[in-house]
>>> print(open('final38.tsv').read())   # TSV, C-alpha atoms
chain	number	residue	atom	x	y	z
J	12	MET	CA	5.60	-9.82	30.65
J	13	LYS	CA	6.09	-13.10	28.85
J	14	PRO	CA	2.95	-14.31	27.05
J	15	ARG	CA	1.37	-17.50	28.32
J	16	ASN	CA	1.07	-20.46	26.00
J	17	GLY	CA	-2.14	-20.13	23.97
J	18	SER	CA	-2.78	-16.56	25.01
J	19	ILE	CA	-3.89	-13.80	22.66
J	20	ASN	CA	-0.41	-12.26	23.03
J	21	GLN	CA	1.14	-15.42	21.61
J	22	ILE	CA	-1.25	-15.33	18.67
J	23	ILE	CA	-0.39	-11.66	18.05
J	24	ASP	CA	3.32	-12.47	18.24
J	25	GLN	CA	2.87	-15.36	15.78
J	26	ASN	CA	0.94	-13.12	13.37
J	27	ILE	CA	3.59	-10.41	13.60
J	28	GLN	CA	6.33	-12.96	12.93
J	29	SER	CA	4.36	-14.34	9.98
J	30	LEU	CA	4.10	-10.84	8.51
J	31	ILE	CA	7.82	-10.23	9.00
J	32	ASP	CA	8.64	-13.60	7.42
J	33	MET	CA	6.34	-12.83	4.46
J	34	ARG	CA	7.94	-9.40	3.94
J	35	ASN	CA	11.45	-10.87	4.18
J	36	LYS	CA	10.56	-13.58	1.67
J	37	ALA	CA	9.13	-10.98	-0.72
J	38	ARG	CA	12.21	-8.78	-0.27
J	39	GLU	CA	14.56	-11.71	-0.97
J	40	SER	CA	12.64	-12.81	-4.06
J	41	ARG	CA	12.92	-9.42	-5.79
J	42	SER	CA	14.80	-9.39	-9.06
J	43	LEU	CA	18.03	-7.44	-9.49
J	44	GLN	CA	16.10	-4.99	-11.65
J	45	ASP	CA	13.51	-4.41	-8.89
J	46	LYS	CA	16.26	-3.89	-6.32
J	47	PHE	CA	17.97	-1.38	-8.61
J	48	ILE	CA	14.77	0.57	-9.26
J	49	GLU	CA	13.87	0.59	-5.57
J	50	ALA	CA	17.36	1.82	-4.63
J	51	ILE	CA	17.13	4.66	-7.15
J	52	ALA	CA	13.63	5.59	-5.97
J	53	GLN	CA	14.82	5.59	-2.38
J	54	PHE	CA	17.86	7.74	-3.14
J	55	THR	CA	16.02	10.23	-5.35
J	56	GLY	CA	13.49	10.68	-2.58
J	57	SER	CA	16.18	11.73	-0.11
J	58	VAL	CA	17.52	15.14	0.84
J	59	TRP	CA	21.01	14.03	-0.26
J	60	PHE	CA	19.74	13.88	-3.83
J	61	VAL	CA	18.76	17.55	-3.56
J	62	TYR	CA	22.08	18.50	-1.94
J	63	ILE	CA	24.08	16.79	-4.70
J	64	HIS	CA	22.09	18.56	-7.41
J	65	VAL	CA	22.47	21.95	-5.75
J	66	ILE	CA	26.22	21.39	-5.46
J	67	LEU	CA	26.51	20.19	-9.09
J	68	LEU	CA	24.51	23.17	-10.33
J	69	GLY	CA	26.70	25.52	-8.31
J	70	ILE	CA	29.89	23.95	-9.68
J	71	TRP	CA	28.48	24.08	-13.23
J	72	ILE	CA	27.59	27.76	-12.91
J	73	PHE	CA	30.95	28.58	-11.31
J	74	CYS	CA	32.93	26.72	-14.00
J	75	ASN	CA	31.01	28.59	-16.70
J	76	SER	CA	31.33	32.02	-15.11
J	77	TRP	CA	33.60	34.83	-16.25
J	78	LEU	CA	35.52	34.40	-12.96
J	79	VAL	CA	37.01	31.11	-14.18
J	80	THR	CA	37.23	31.51	-17.93
J	81	GLU	CA	36.55	34.01	-20.65
J	82	THR	CA	35.12	31.33	-22.94
J	83	PRO	CA	32.78	29.08	-20.96
J	84	PHE	CA	32.02	25.65	-22.44
J	85	ASP	CA	28.29	26.08	-21.58
J	86	PRO	CA	27.44	29.77	-21.38
J	87	PHE	CA	24.25	31.08	-19.83
J	88	PRO	CA	21.43	29.85	-20.21
J	89	TYR	CA	23.37	26.58	-19.76
J	90	ARG	CA	21.88	24.56	-22.62
J	91	ILE	CA	24.13	21.53	-22.09
J	92	PHE	CA	23.23	21.44	-18.40
J	93	SER	CA	19.52	21.81	-19.26
J	94	ALA	CA	19.71	18.96	-21.76
J	95	GLY	CA	21.42	16.72	-19.20
J	96	ALA	CA	18.87	17.64	-16.54
J	97	SER	CA	16.03	16.91	-18.98
J	98	ILE	CA	17.43	13.47	-19.82
J	99	GLU	CA	17.88	12.74	-16.11
J	100	ALA	CA	14.27	13.80	-15.46
J	101	ILE	CA	13.00	11.47	-18.18
J	102	PHE	CA	14.83	8.47	-16.75
J	103	LEU	CA	13.99	9.29	-13.13
J	104	SER	CA	10.31	9.81	-13.82
J	105	THR	CA	10.17	6.51	-15.73
J	106	LEU	CA	11.96	4.62	-12.95
J	107	LEU	CA	9.74	6.20	-10.31
J	108	MET	CA	6.61	5.24	-12.27
J	109	ILE	CA	7.87	1.65	-12.52
J	110	ASN	CA	8.44	1.65	-8.76
J	111	GLN	CA	4.96	3.09	-8.13
J	112	ASN	CA	3.42	0.39	-10.33
J	113	ARG	CA	5.24	-2.28	-8.35
J	114	MET	CA	4.10	-0.73	-5.08
J	115	ARG	CA	0.52	-0.50	-6.39
J	116	HIS	CA	0.65	-4.20	-7.25
J	117	LEU	CA	1.80	-5.03	-3.70
J	118	GLU	CA	-0.94	-2.84	-2.25
J	119	SER	CA	-3.50	-4.59	-4.45
J	120	ARG	CA	-2.37	-7.95	-3.07
J	121	ARG	CA	-2.75	-6.62	0.48
J	122	GLU	CA	-6.23	-5.33	-0.31
J	123	ASP	CA	-7.17	-8.73	-1.73
J	124	LEU	CA	-5.92	-10.39	1.46
J	125	ASP	CA	-7.89	-7.91	3.60
J	126	LEU	CA	-11.03	-8.58	1.59
J	127	GLN	CA	-10.64	-12.34	1.82
J	128	MET	CA	-10.04	-12.14	5.57
J	129	SER	CA	-13.09	-9.89	6.03
J	130	LEU	CA	-15.27	-12.27	4.03
J	131	LEU	CA	-13.98	-15.22	6.02
J	132	ILE	CA	-14.64	-13.42	9.32
J	133	GLU	CA	-18.15	-12.45	8.21
J	134	HIS	CA	-18.88	-16.05	7.21
J	135	GLU	CA	-17.51	-17.47	10.45
J	136	LEU	CA	-19.43	-14.95	12.56
J	137	THR	CA	-22.63	-15.83	10.72
J	138	ARG	CA	-22.05	-19.50	11.48
J	139	LEU	CA	-21.31	-18.66	15.13
J	140	VAL	CA	-24.57	-16.70	15.43
J	141	ARG	CA	-26.45	-19.68	13.98
J	142	VAL	CA	-24.89	-21.98	16.57
J	143	CYS	CA	-25.68	-19.54	19.39
J	144	ASP	CA	-29.26	-19.26	18.16
J	145	LEU	CA	-29.65	-23.05	18.16
J	146	MET	CA	-28.22	-23.19	21.68
J	147	ALA	CA	-30.60	-20.45	22.84
J	148	LYS	CA	-33.58	-22.32	21.39
J	149	LYS	CA	-32.44	-25.55	23.02
J	150	VAL	CA	-32.33	-23.97	26.49
J	151	GLY	CA	-35.55	-22.08	25.89
J	152	ILE	CA	-34.29	-18.50	25.56
J	153	ALA	CA	-36.46	-16.58	23.16
J	154	ALA	CA	-37.07	-12.88	22.97
J	155	PRO	CA	-38.80	-11.19	20.01
J	156	VAL	CA	-36.23	-8.41	19.74
J	157	ILE	CA	-33.34	-10.86	19.93
J	158	ASN	CA	-34.98	-13.25	17.45
J	159	GLU	CA	-35.44	-10.45	14.89
J	160	ALA	CA	-31.82	-9.29	15.26
J	161	VAL	CA	-30.50	-12.85	15.16
J	162	ALA	CA	-32.54	-13.61	12.04
J	163	GLN	CA	-30.85	-10.71	10.24
J	164	VAL	CA	-27.37	-11.64	11.42
J	165	LYS	CA	-27.80	-15.32	10.52
J	166	GLU	CA	-28.07	-14.43	6.84
J	167	ASP	CA	-24.87	-14.57	4.81
J	168	ILE	CA	-23.94	-11.32	3.12
J	169	HIS	CA	-22.85	-11.83	-0.46
J	170	PRO	CA	-20.16	-9.42	-1.74
J	171	SER	CA	-21.84	-9.13	-5.14
J	172	GLU	CA	-25.02	-7.82	-3.50
J	173	VAL	CA	-23.04	-5.27	-1.49
J	174	LEU	CA	-21.19	-4.14	-4.62
J	175	GLU	CA	-24.49	-3.74	-6.48
J	176	ARG	CA	-25.93	-1.66	-3.63
J	177	ILE	CA	-22.80	0.52	-3.59
J	178	ALA	CA	-23.05	1.01	-7.37
J	179	ASP	CA	-26.75	1.91	-7.07
J	180	ALA	CA	-26.04	4.40	-4.28
J	181	GLU	CA	-23.18	5.97	-6.27
J	182	LYS	CA	-25.42	6.21	-9.35
J	183	LYS	CA	-28.20	7.92	-7.35
J	184	ASN	CA	-25.65	10.28	-5.79
J	185	SER	CA	-24.19	11.25	-9.17
J	186	GLU	CA	-27.66	11.91	-10.61
J	187	GLN	CA	-28.45	14.43	-7.88
>>> encode(input="final38.tsv", output="structure tokens")
Amino acid sequence: MKPRNGSINQIIDQNIQSLIDMRNKARESRSLQDKFIEAIAQFTGSVWFVYIHVILLGIWIFCNSWLVTETPFDPFPYRIFSAGASIEAIFLSTLLMINQNRMRHLESRREDLDLQMSLLIEHELTRLVRVCDLMAKKVGIAAPVINEAVAQVKEDIHPSEVLERIADAEKKNSEQ
């Protein structure tokens, strides 16, 4: 079904396209270093990485066994292999931490966007309730229950107050 002009489906499609465009722009603007680190992180997180290491370990053990030579170049307990694996682990863990930091930064930006959108929505809904309340008063609709609820909803909620209440609640909870 093709969305009609101005329909909610068109808005959803526009939002999806905006997200895709934003992700593509972010992907294209990555530095060569970021692309390299991401490629390594992606490969080391794959099953092929495990397969290659199992094969290399098997070849190493076979080449250093008494079946191939009487004087292995790295006899058991394979100190050269262990040193190489340790160096690889150092570099991989560092690269993976760099990648995680980059991903955490991106996630932080998304959280900031979510927060800003939530605050904007809350503000706009508060304004809408105020307009609806004025319209209700103009046409003479007044109910005590509705008036009390509307009075609460018409008040803006300030993030700093919410954060203070969360901190107070967490403090009380930790004291118990």
>>> closest_residue(input="final38.tsv", among="J:Asn110, J:Ser97, J:Gln25, J:Ser171", to="Leu130 (chain J)", atoms="all atoms listed in the file")
J:Ser171
>>> residues_around(input="final38.tsv", residues="region 38-49 of chain J", least_positions_apart="6", cutoff="10 Å", atoms="only C-alpha atoms", output="ChimeraX atom specification")
/J:32,55,103,105-111,113-114
>>> write_last_selection(input="final38.tsv", atoms="C-alpha atoms", output="CSV table (one decimal), keeping the file's coordinate frame")
chain,number,residue,atom,x,y,z
J,32,ASP,CA,8.6,-13.6,7.4
J,55,THR,CA,16.0,10.2,-5.4
J,103,LEU,CA,14.0,9.3,-13.1
J,105,THR,CA,10.2,6.5,-15.7
J,106,LEU,CA,12.0,4.6,-13.0
J,107,LEU,CA,9.7,6.2,-10.3
J,108,MET,CA,6.6,5.2,-12.3
J,109,ILE,CA,7.9,1.6,-12.5
J,110,ASN,CA,8.4,1.6,-8.8
J,111,GLN,CA,5.0,3.1,-8.1
J,113,ARG,CA,5.2,-2.3,-8.4
J,114,MET,CA,4.1,-0.7,-5.1
>>> atom_distance(input="final38.tsv", atom1="CA of Ser29 (chain J)", atom2="CA of Glu118 (chain J)")
17.6 Å
>>> atom_distance(input="final38.tsv", atom1="CA of Lys165 (chain J)", atom2="CA of Lys149 (chain J)")
16.8 Å
>>> residues_around(input="final38.tsv", residues="Thr137 (chain J)", least_positions_apart="6", cutoff="7 Å", atoms="all atoms listed in the file", output="PyMOL selection string")
chain J and resi 164-167
>>> atom_distance(input="final38.tsv", atom1="CA of Ile31 (chain J)", atom2="CA of Ala50 (chain J)")
20.5 Å
>>> closest_atom_pairs(input="final38.tsv", of="region 72-138 of chain J", to="region 59-67 of chain J", cutoff="12 Å", atoms="all atoms listed in the file", output="CSV")
residue,atom,partner,partner_atom,distance
J:Ile72,CA,J:Leu67,CA,8.5
J:Phe73,CA,J:Leu67,CA,9.7
J:Cys74,CA,J:Leu67,CA,10.4
J:Phe92,CA,J:Leu67,CA,9.9
J:Gly95,CA,J:Leu67,CA,11.8
J:Ala96,CA,J:His64,CA,9.7
J:Glu99,CA,J:His64,CA,11.3
J:Leu103,CA,J:Phe60,CA,11.9
>>> closest_residue(input="final38.tsv", among="J:Arg176, J:Val58, J:Lys183, J:Leu68", to="Ser93 (chain J)", atoms="all atoms listed in the file")
J:Leu68
>>> closest_residue(input="final38.tsv", among="J:Val161, J:Ile168, J:Ile70, J:Ala178", to="Leu131 (chain J)", atoms="all atoms listed in the file")
J:Ile168
>>> closest_residue(input="final38.tsv", among="J:His169, J:Gln163, J:Gln53, J:Ser185", to="Glu133 (chain J)", atoms="all atoms listed in the file")
J:His169
>>> closest_residue(input="final38.tsv", among="J:Ile22, J:Arg90, J:Leu117, J:Phe84", to="Ala37 (chain J)", atoms="all atoms listed in the file")
J:Leu117
>>> decode(input="final38.tsv", residues="region 68-114 of chain J", atoms="N, CA and C atoms", output="tab-separated table (two decimals), in the first residue's frame")
chain	number	residue	atom	x	y	z
J	68	LEU	N	47.44	-22.63	15.59
J	68	LEU	CA	47.94	-23.35	16.76
J	68	LEU	C	48.23	-24.81	16.39
J	69	GLY	N	47.35	-25.41	15.64
J	69	GLY	CA	47.56	-26.80	15.21
J	69	GLY	C	48.81	-26.95	14.36
J	70	ILE	N	49.00	-26.03	13.42
J	70	ILE	CA	50.20	-26.05	12.57
J	70	ILE	C	51.45	-25.85	13.43
J	71	TRP	N	51.39	-24.90	14.35
J	71	TRP	CA	52.54	-24.62	15.23
J	71	TRP	C	52.92	-25.87	16.04
J	72	ILE	N	51.92	-26.50	16.62
J	72	ILE	CA	52.18	-27.70	17.43
J	72	ILE	C	52.72	-28.82	16.54
J	73	PHE	N	52.12	-29.00	15.37
J	73	PHE	CA	52.59	-30.05	14.46
J	73	PHE	C	54.03	-29.80	14.02
J	74	CYS	N	54.35	-28.56	13.66
J	74	CYS	CA	55.71	-28.24	13.19
J	74	CYS	C	56.75	-28.38	14.31
J	75	ASN	N	56.32	-28.32	15.54
J	75	ASN	CA	57.24	-28.45	16.67
J	75	ASN	C	57.13	-29.81	17.35
J	76	SER	N	56.52	-30.75	16.68
J	76	SER	CA	56.38	-32.09	17.27
J	76	SER	C	57.54	-32.98	16.82
J	77	TRP	N	57.72	-34.07	17.52
J	77	TRP	CA	58.79	-35.02	17.19
J	77	TRP	C	58.48	-35.75	15.89
J	78	LEU	N	57.24	-35.66	15.39
J	78	LEU	CA	56.90	-36.28	14.10
J	78	LEU	C	57.58	-35.56	12.94
J	79	VAL	N	57.82	-34.27	13.06
J	79	VAL	CA	58.38	-33.47	11.97
J	79	VAL	C	59.88	-33.31	12.14
J	80	THR	N	60.32	-33.03	13.33
J	80	THR	CA	61.74	-32.77	13.55
J	80	THR	C	62.18	-33.23	14.93
J	81	GLU	N	63.44	-33.55	15.03
J	81	GLU	CA	63.97	-33.94	16.33
J	81	GLU	C	64.34	-32.74	17.18
J	82	THR	N	64.58	-31.60	16.52
J	82	THR	CA	64.93	-30.38	17.24
J	82	THR	C	63.92	-29.27	16.88
J	83	PRO	N	62.83	-29.21	17.58
J	83	PRO	CA	61.82	-28.18	17.27
J	83	PRO	C	62.35	-26.77	17.57
J	84	PHE	N	61.91	-25.80	16.77
J	84	PHE	CA	62.37	-24.42	16.97
J	84	PHE	C	61.65	-23.76	18.16
J	85	ASP	N	60.51	-24.32	18.59
J	85	ASP	CA	59.79	-23.81	19.76
J	85	ASP	C	59.20	-25.01	20.51
J	86	PRO	N	60.03	-25.68	21.30
J	86	PRO	CA	59.55	-26.87	21.98
J	86	PRO	C	58.49	-26.54	23.04
J	87	PHE	N	57.75	-27.58	23.40
J	87	PHE	CA	56.73	-27.43	24.44
J	87	PHE	C	57.38	-26.83	25.69
J	88	PRO	N	56.86	-25.84	26.29
J	88	PRO	CA	55.51	-25.27	26.30
J	88	PRO	C	55.29	-24.12	25.32
J	89	TYR	N	55.99	-24.09	24.22
J	89	TYR	CA	55.79	-23.14	23.12
J	89	TYR	C	55.90	-21.69	23.59
J	90	ARG	N	57.06	-21.33	24.06
J	90	ARG	CA	57.27	-19.98	24.61
J	90	ARG	C	57.20	-18.91	23.52
J	91	ILE	N	57.71	-19.18	22.35
J	91	ILE	CA	57.66	-18.20	21.26
J	91	ILE	C	56.20	-17.96	20.86
J	92	PHE	N	55.45	-19.05	20.74
J	92	PHE	CA	54.04	-18.93	20.39
J	92	PHE	C	53.29	-18.16	21.48
J	93	SER	N	53.57	-18.44	22.74
J	93	SER	CA	52.92	-17.75	23.86
J	93	SER	C	53.24	-16.26	23.84
J	94	ALA	N	54.49	-15.93	23.55
J	94	ALA	CA	54.88	-14.51	23.49
J	94	ALA	C	54.13	-13.81	22.36
J	95	GLY	N	54.06	-14.46	21.21
J	95	GLY	CA	53.33	-13.88	20.07
J	95	GLY	C	51.84	-13.70	20.39
J	96	ALA	N	51.27	-14.72	21.03
J	96	ALA	CA	49.85	-14.63	21.39
J	96	ALA	C	49.62	-13.52	22.42
J	97	SER	N	50.56	-13.35	23.32
J	97	SER	CA	50.43	-12.29	24.33
J	97	SER	C	50.49	-10.90	23.69
J	98	ILE	N	51.40	-10.73	22.76
J	98	ILE	CA	51.51	-9.44	22.06
J	98	ILE	C	50.25	-9.18	21.25
J	99	GLU	N	49.75	-10.21	20.58
J	99	GLU	CA	48.50	-10.06	19.82
J	99	GLU	C	47.35	-9.68	20.75
J	100	ALA	N	47.28	-10.30	21.92
J	100	ALA	CA	46.21	-10.00	22.88
J	100	ALA	C	46.29	-8.55	23.36
J	101	ILE	N	47.50	-8.06	23.57
J	101	ILE	CA	47.66	-6.67	24.00
J	101	ILE	C	47.12	-5.72	22.94
J	102	PHE	N	47.53	-5.92	21.69
J	102	PHE	CA	47.07	-5.04	20.62
J	102	PHE	C	45.57	-5.18	20.38
J	103	LEU	N	45.06	-6.39	20.36
J	103	LEU	CA	43.63	-6.58	20.13
J	103	LEU	C	42.79	-5.97	21.24
J	104	SER	N	43.19	-6.18	22.48
J	104	SER	CA	42.40	-5.60	23.57
J	104	SER	C	42.42	-4.08	23.51
J	105	THR	N	43.56	-3.49	23.15
J	105	THR	CA	43.64	-2.03	23.02
J	105	THR	C	42.74	-1.53	21.89
J	106	LEU	N	42.81	-2.19	20.74
J	106	LEU	CA	41.97	-1.79	19.60
J	106	LEU	C	40.49	-1.97	19.91
J	107	LEU	N	40.15	-3.04	20.60
J	107	LEU	CA	38.75	-3.25	20.95
J	107	LEU	C	38.27	-2.20	21.96
J	108	MET	N	39.12	-1.80	22.88
J	108	MET	CA	38.75	-0.75	23.83
J	108	MET	C	38.55	0.59	23.11
J	109	ILE	N	39.40	0.88	22.14
J	109	ILE	CA	39.24	2.10	21.35
J	109	ILE	C	37.90	2.06	20.63
J	110	ASN	N	37.58	0.91	20.04
J	110	ASN	CA	36.32	0.77	19.32
J	110	ASN	C	35.13	0.91	20.28
J	111	GLN	N	35.23	0.34	21.47
J	111	GLN	CA	34.15	0.47	22.45
J	111	GLN	C	33.98	1.92	22.88
J	112	ASN	N	35.08	2.64	23.05
J	112	ASN	CA	34.98	4.06	23.41
J	112	ASN	C	34.28	4.85	22.31
J	113	ARG	N	34.60	4.55	21.07
J	113	ARG	CA	33.94	5.23	19.95
J	113	ARG	C	32.46	4.90	19.92
J	114	MET	N	32.12	3.64	20.16
J	114	MET	CA	30.72	3.24	20.18
J	114	MET	C	29.99	3.88	21.35
